[in-house]
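Q: Contents of start-v6.pdb (PDB, C-alpha atoms, pLDDT in the B column) are given next:
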ATOM      1  CA  GLN A   1     101.596  71.255  93.189  1.00 87.00           C
ATOM      2  CA  VAL A   2     100.289  74.597  94.356  1.00 94.00           C
ATOM      3  CA  GLN A   3      99.894  77.175  91.625  1.00 96.00           C
ATOM      4  CA  LEU A   4      99.115  80.844  92.045  1.00 98.00           C
ATOM      5  CA  VAL A   5      98.103  82.915  89.049  1.00 98.00           C
ATOM      6  CA  GLN A   6      98.302  86.652  89.454  1.00 98.00           C
ATOM      7  CA  SER A   7      96.672  89.410  87.452  1.00 97.00           C
ATOM      8  CA  GLY A   8      96.160  93.126  87.745  1.00 95.00           C
ATOM      9  CA  GLY A   9      98.710  95.825  88.372  1.00 93.00           C
ATOM     10  CA  GLY A  10      99.892  98.608  86.117  1.00 97.00           C
ATOM     11  CA  LEU A  11     100.404 102.345  86.293  1.00 97.00           C
ATOM     12  CA  VAL A  12      98.333 104.545  88.592  1.00 97.00           C
ATOM     13  CA  GLN A  13      98.565 108.124  89.809  1.00 98.00           C
ATOM     14  CA  PRO A  14      99.155 108.955  93.472  1.00 98.00           C
ATOM     15  CA  GLY A  15      95.917 108.745  95.385  1.00 98.00           C
ATOM     16  CA  GLY A  16      94.488 106.222  92.953  1.00 98.00           C
ATOM     17  CA  SER A  17      93.376 102.633  93.375  1.00 98.00           C
ATOM     18  CA  LEU A  18      94.239  99.252  91.908  1.00 98.00           C
ATOM     19  CA  ARG A  19      93.132  95.698  92.505  1.00 98.00           C
ATOM     20  CA  LEU A  20      95.401  92.690  92.269  1.00 98.00           C
ATOM     21  CA  SER A  21      94.126  89.132  91.873  1.00 98.00           C
ATOM     22  CA  CYS A  22      95.588  85.823  92.988  1.00 98.00           C
ATOM     23  CA  GLU A  23      93.759  82.750  91.714  1.00 98.00           C
ATOM     24  CA  VAL A  24      94.414  79.377  93.318  1.00 98.00           C
ATOM     25  CA  SER A  25      92.772  75.981  93.555  1.00 97.00           C
ATOM     26  CA  ARG A  26      89.778  75.409  95.817  1.00 96.00           C
ATOM     27  CA  PHE A  27      91.893  73.337  98.195  1.00 96.00           C
ATOM     28  CA  THR A  28      94.547  76.022  98.451  1.00 95.00           C
ATOM     29  CA  PHE A  29      91.922  78.684  98.908  1.00 96.00           C
ATOM     30  CA  ASP A  30      90.261  76.855 101.795  1.00 96.00           C
ATOM     31  CA  TYR A  31      93.254  75.384 103.614  1.00 95.00           C
ATOM     32  CA  TYR A  32      96.324  77.500 102.985  1.00 96.00           C
ATOM     33  CA  ASN A  33      97.627  80.748 104.374  1.00 97.00           C
ATOM     34  CA  ILE A  34      97.691  83.155 101.449  1.00 98.00           C
ATOM     35  CA  ALA A  35      99.596  86.404 101.498  1.00 98.00           C
ATOM     36  CA  TRP A  36     100.678  89.339  99.429  1.00 98.00           C
ATOM     37  CA  PHE A  37     104.248  90.564  99.407  1.00 98.00           C
ATOM     38  CA  ARG A  38     106.003  93.298  97.494  1.00 98.00           C
ATOM     39  CA  GLN A  39     109.535  94.081  96.490  1.00 98.00           C
ATOM     40  CA  ALA A  40     110.696  97.529  95.475  1.00 97.00           C
ATOM     41  CA  PRO A  41     113.902  97.971  93.452  1.00 92.00           C
ATOM     42  CA  GLY A  42     116.935  97.486  95.642  1.00 94.00           C
ATOM     43  CA  LYS A  43     114.892  96.473  98.673  1.00 96.00           C
ATOM     44  CA  GLU A  44     114.006  93.257 100.417  1.00 97.00           C
ATOM     45  CA  ARG A  45     110.698  91.542  99.902  1.00 97.00           C
ATOM     46  CA  GLU A  46     108.145  92.969 102.319  1.00 97.00           C
ATOM     47  CA  GLY A  47     104.976  91.378 103.670  1.00 97.00           C
ATOM     48  CA  VAL A  48     101.822  93.354 102.883  1.00 98.00           C
ATOM     49  CA  SER A  49      98.742  91.422 103.957  1.00 98.00           C
ATOM     50  CA  CYS A  50      97.739  87.836 104.619  1.00 97.00           C
ATOM     51  CA  VAL A  51      94.750  85.649 105.406  1.00 97.00           C
ATOM     52  CA  TRP A  52      95.060  82.881 107.972  1.00 96.00           C
ATOM     53  CA  ASN A  53      93.913  79.386 107.064  1.00 93.00           C
ATOM     54  CA  SER A  54      92.575  78.769 110.573  1.00 91.00           C
ATOM     55  CA  ASP A  55      89.750  81.284 110.697  1.00 92.00           C
ATOM     56  CA  TYR A  56      90.340  83.452 107.598  1.00 94.00           C
ATOM     57  CA  SER A  57      91.294  86.416 109.705  1.00 95.00           C
ATOM     58  CA  THR A  58      93.530  88.924 107.995  1.00 96.00           C
ATOM     59  CA  PHE A  59      96.606  90.811 109.020  1.00 96.00           C
ATOM     60  CA  SER A  60      98.304  93.745 107.335  1.00 96.00           C
ATOM     61  CA  SER A  61     101.557  95.581 107.752  1.00 96.00           C
ATOM     62  CA  ASN A  62     101.556  99.041 109.303  1.00 96.00           C
ATOM     63  CA  SER A  63     102.584 100.578 106.002  1.00 95.00           C
ATOM     64  CA  VAL A  64      99.324  99.590 104.292  1.00 96.00           C
ATOM     65  CA  GLU A  65      96.882  99.274 107.199  1.00 94.00           C
ATOM     66  CA  GLY A  66      93.724 101.229 106.427  1.00 95.00           C
ATOM     67  CA  ARG A  67      94.572 101.555 102.720  1.00 97.00           C
ATOM     68  CA  PHE A  68      94.832  97.969 101.468  1.00 98.00           C
ATOM     69  CA  THR A  69      92.129  95.356 101.949  1.00 97.00           C
ATOM     70  CA  LEU A  70      92.011  91.631 101.300  1.00 97.00           C
ATOM     71  CA  VAL A  71      88.868  90.288  99.674  1.00 97.00           C
ATOM     72  CA  ARG A  72      88.170  86.556  99.426  1.00 97.00           C
ATOM     73  CA  ASP A  73      85.960  85.338  96.574  1.00 97.00           C
ATOM     74  CA  ARG A  74      85.367  81.644  97.125  1.00 96.00           C
ATOM     75  CA  ASP A  75      83.285  81.277  93.977  1.00 97.00           C
ATOM     76  CA  LYS A  76      86.371  82.222  91.978  1.00 97.00           C
ATOM     77  CA  ASN A  77      88.997  80.830  94.378  1.00 97.00           C
ATOM     78  CA  THR A  78      90.596  84.225  94.197  1.00 98.00           C
ATOM     79  CA  LEU A  79      92.138  86.471  96.787  1.00 98.00           C
ATOM     80  CA  TYR A  80      92.081  90.135  95.859  1.00 98.00           C
ATOM     81  CA  LEU A  81      94.303  92.878  97.182  1.00 98.00           C
ATOM     82  CA  GLN A  82      92.336  96.091  96.935  1.00 98.00           C
ATOM     83  CA  MET A  83      94.770  98.986  97.124  1.00 98.00           C
ATOM     84  CA  ASN A  84      93.477 102.491  97.777  1.00 98.00           C
ATOM     85  CA  SER A  85      95.181 105.833  98.394  1.00 98.00           C
ATOM     86  CA  LEU A  86      98.292 104.634  96.631  1.00 98.00           C
ATOM     87  CA  ASN A  87     101.487 106.625  97.038  1.00 97.00           C
ATOM     88  CA  LEU A  88     104.932 106.572  95.478  1.00 97.00           C
ATOM     89  CA  LYS A  89     106.264 104.198  98.144  1.00 96.00           C
ATOM     90  CA  ASP A  90     103.794 101.533  97.006  1.00 98.00           C
ATOM     91  CA  THR A  91     105.661 101.125  93.727  1.00 98.00           C
ATOM     92  CA  ALA A  92     106.956  97.549  93.627  1.00 98.00           C
ATOM     93  CA  VAL A  93     106.522  94.114  92.152  1.00 98.00           C
ATOM     94  CA  TYR A  94     103.743  92.412  94.069  1.00 98.00           C
ATOM     95  CA  TYR A  95     103.676  88.676  94.720  1.00 98.00           C
ATOM     96  CA  CYS A  96     101.057  86.409  96.180  1.00 98.00           C
ATOM     97  CA  ALA A  97     102.205  83.398  98.137  1.00 98.00           C
ATOM     98  CA  ALA A  98     100.677  80.357  99.802  1.00 97.00           C
ATOM     99  CA  ASP A  99     101.639  77.909 102.491  1.00 95.00           C
ATOM    100  CA  SER A 100      99.894  75.096 104.323  1.00 92.00           C
ATOM    101  CA  GLY A 101     100.912  76.590 107.649  1.00 88.00           C
ATOM    102  CA  ARG A 102     103.425  75.800 110.343  1.00 83.00           C
ATOM    103  CA  PRO A 103     103.012  74.505 113.917  1.00 81.00           C
ATOM    104  CA  LEU A 104     102.207  76.969 116.666  1.00 80.00           C
ATOM    105  CA  GLN A 105     101.216  79.799 114.343  1.00 83.00           C
ATOM    106  CA  LEU A 106      98.899  82.288 115.999  1.00 86.00           C
ATOM    107  CA  ARG A 107      98.165  84.113 112.773  1.00 90.00           C
ATOM    108  CA  CYS A 108      99.279  84.148 109.167  1.00 93.00           C
ATOM    109  CA  PRO A 109     102.915  85.220 108.875  1.00 92.00           C
ATOM    110  CA  LEU A 110     104.184  88.170 106.884  1.00 95.00           C
ATOM    111  CA  LEU A 111     107.686  86.850 106.380  1.00 94.00           C
ATOM    112  CA  PRO A 112     108.733  85.360 103.033  1.00 95.00           C
ATOM    113  CA  ALA A 113     110.229  82.367 104.811  1.00 93.00           C
ATOM    114  CA  GLY A 114     106.743  81.394 105.891  1.00 93.00           C
ATOM    115  CA  TYR A 115     105.653  80.568 102.352  1.00 96.00           C
ATOM    116  CA  ASP A 116     106.656  77.803  99.998  1.00 95.00           C
ATOM    117  CA  PHE A 117     104.661  78.682  96.900  1.00 97.00           C
ATOM    118  CA  TRP A 118     104.761  81.921  94.941  1.00 98.00           C
ATOM    119  CA  GLY A 119     102.986  83.611  92.077  1.00 98.00           C
ATOM    120  CA  GLN A 120     104.742  85.097  89.088  1.00 97.00           C
ATOM    121  CA  GLY A 121     104.674  88.692  90.319  1.00 97.00           C
ATOM    122  CA  THR A 122     102.949  91.746  88.922  1.00 97.00           C
ATOM    123  CA  LYS A 123     104.306  95.264  88.687  1.00 98.00           C
ATOM    124  CA  VAL A 124     102.591  98.237  90.286  1.00 98.00           C
ATOM    125  CA  THR A 125     103.893 101.695  89.467  1.00 98.00           C
ATOM    126  CA  VAL A 126     102.580 104.764  91.238  1.00 98.00           C
ATOM    127  CA  SER A 127     103.612 107.869  89.375  1.00 97.00           C
ATOM    128  CA  SER A 128     102.262 111.238  88.315  1.00 94.00           C
TER     129      SER A 128
END
Translate the structure of the given file into structure tokens.

A:
Amino acid sequence: QVQLVQSGGGLVQPGGSLRLSCEVSRFTFDYYNIAWFRQAPGKEREGVSCVWNSDYSTFSSNSVEGRFTLVRDRDKNTLYLQMNSLNLKDTAVYYCAADSGRPLQLRCPLLPAGYDFWGQGTKVTVSS
């Protein structure tokens, strides 16, 4: 069974930074697509960033490109989402997710349907 344990999050002012953590097993870390999603109140779950199990390349949505960065720490089997220049629209519950991959993928997907395993979620609130 694939388990994802999240930590981090909290309250931050606009323009500030936060780092979220997603700890998994070594096998999951090495062989699974791992992604971050977020869901704001009343909105659908949105893909944020992901790392592809094929070559560990990363992909981010336009809304966070240049502000959010994925950091892989293999010693800790942890994928970090470093979030900088946060704004009010970044307020949401953030989830990490993992999947072993699907045939014919050319990169990691940023759709919730592409992932079978989910973390417990962590709340990020950007407010002055």

Q: Please evaluate the PyMOL selection byres ((chain A and resi 120) around 10) against the structure above and give the resulting residues as a ChimeraX atom specification.

A: /A:3-7,22,93-97,118-119,121-122

Q: What would the list of residues within 12 Å of (97.7, 103.6, 92.1) (file frame) look like as a PyMOL selection string, if all atoms listed in the file are what count?

A: chain A and resi 8-20+67-68+82-92+123-128

Q: Next, dump the selected residues to file, keeping only C-alpha atoms, as a short mmCIF file (atom, residue, chain, number, x, y, z; two decimals), in the coordinates of the input.

A:
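Output (again_28.cif):
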data_model
loop_
_atom_site.label_atom_id
_atom_site.label_comp_id
_atom_site.auth_asym_id
_atom_site.auth_seq_id
_atom_site.Cartn_x
_atom_site.Cartn_y
_atom_site.Cartn_z
CA GLY A 8 96.16 93.13 87.74
CA GLY A 9 98.71 95.82 88.37
CA GLY A 10 99.89 98.61 86.12
CA LEU A 11 100.40 102.34 86.29
CA VAL A 12 98.33 104.54 88.59
CA GLN A 13 98.56 108.12 89.81
CA PRO A 14 99.16 108.96 93.47
CA GLY A 15 95.92 108.74 95.38
CA GLY A 16 94.49 106.22 92.95
CA SER A 17 93.38 102.63 93.38
CA LEU A 18 94.24 99.25 91.91
CA ARG A 19 93.13 95.70 92.50
CA LEU A 20 95.40 92.69 92.27
CA ARG A 67 94.57 101.56 102.72
CA PHE A 68 94.83 97.97 101.47
CA GLN A 82 92.34 96.09 96.94
CA MET A 83 94.77 98.99 97.12
CA ASN A 84 93.48 102.49 97.78
CA SER A 85 95.18 105.83 98.39
CA LEU A 86 98.29 104.63 96.63
CA ASN A 87 101.49 106.62 97.04
CA LEU A 88 104.93 106.57 95.48
CA LYS A 89 106.26 104.20 98.14
CA ASP A 90 103.79 101.53 97.01
CA THR A 91 105.66 101.12 93.73
CA ALA A 92 106.96 97.55 93.63
CA LYS A 123 104.31 95.26 88.69
CA VAL A 124 102.59 98.24 90.29
CA THR A 125 103.89 101.70 89.47
CA VAL A 126 102.58 104.76 91.24
CA SER A 127 103.61 107.87 89.38
CA SER A 128 102.26 111.24 88.32
#

Q: Looking at A:Gln105, A:Val48, A:Leu111, A:Tyr31, which one is nearest to A:Val64, with distances taken over only C-alpha atoms?

A: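 For A:Val64, the nearest of the candidates is A:Val48.
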
Q: Could you tell me how far atom CA of A:Trp36 lies from atom CA of A:Gln1, in Å and to one decimal?

A: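 Pair atom CA of A:Trp36 / atom CA of A:Gln1 returns 19.2 Å.
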
Q: Running the PyMOL selection byres ((chain A and resi 61) around 8) on this model by hand, what would come out? Give it as a list in words.

A: Gly47, Val48, Ser49, Phe59, Ser60, Asn62, Ser63, Val64, Glu65 and Leu110 of chain A

Q: With all atoms listed in the file as the counted atoms, please give the residues lying no more than 12 Å from A:Ser54, apart from itself and same-chain residues fewer than 6 positions off, as a PyMOL selection string.

A: chain A and resi 29-34+100-108

Q: Box for stretch 84-87 of chain A - axis-aligned, 5 Å on each of the six sides, all listed atoms - centre and size in Å to one decimal, as AutoDock Vina command-line options.

A:
--center_x 97.5 --center_y 104.6 --center_z 97.5 --size_x 18.0 --size_y 14.1 --size_z 11.8

Q: Using only C-alpha atoms for the distances, tell me which of A:Ala35, A:Tyr56, A:Glu44, A:Thr69 is nearest to A:Asp116.

A: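 Smallest distance to A:Asp116 is found for A:Ala35.
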
Q: Take atom CA of A:Lys76 and atom CA of A:Ala40 and report the distance between them in Å, one decimal.

A: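 Separation between atom CA of A:Lys76 and atom CA of A:Ala40: 29.0 Å.
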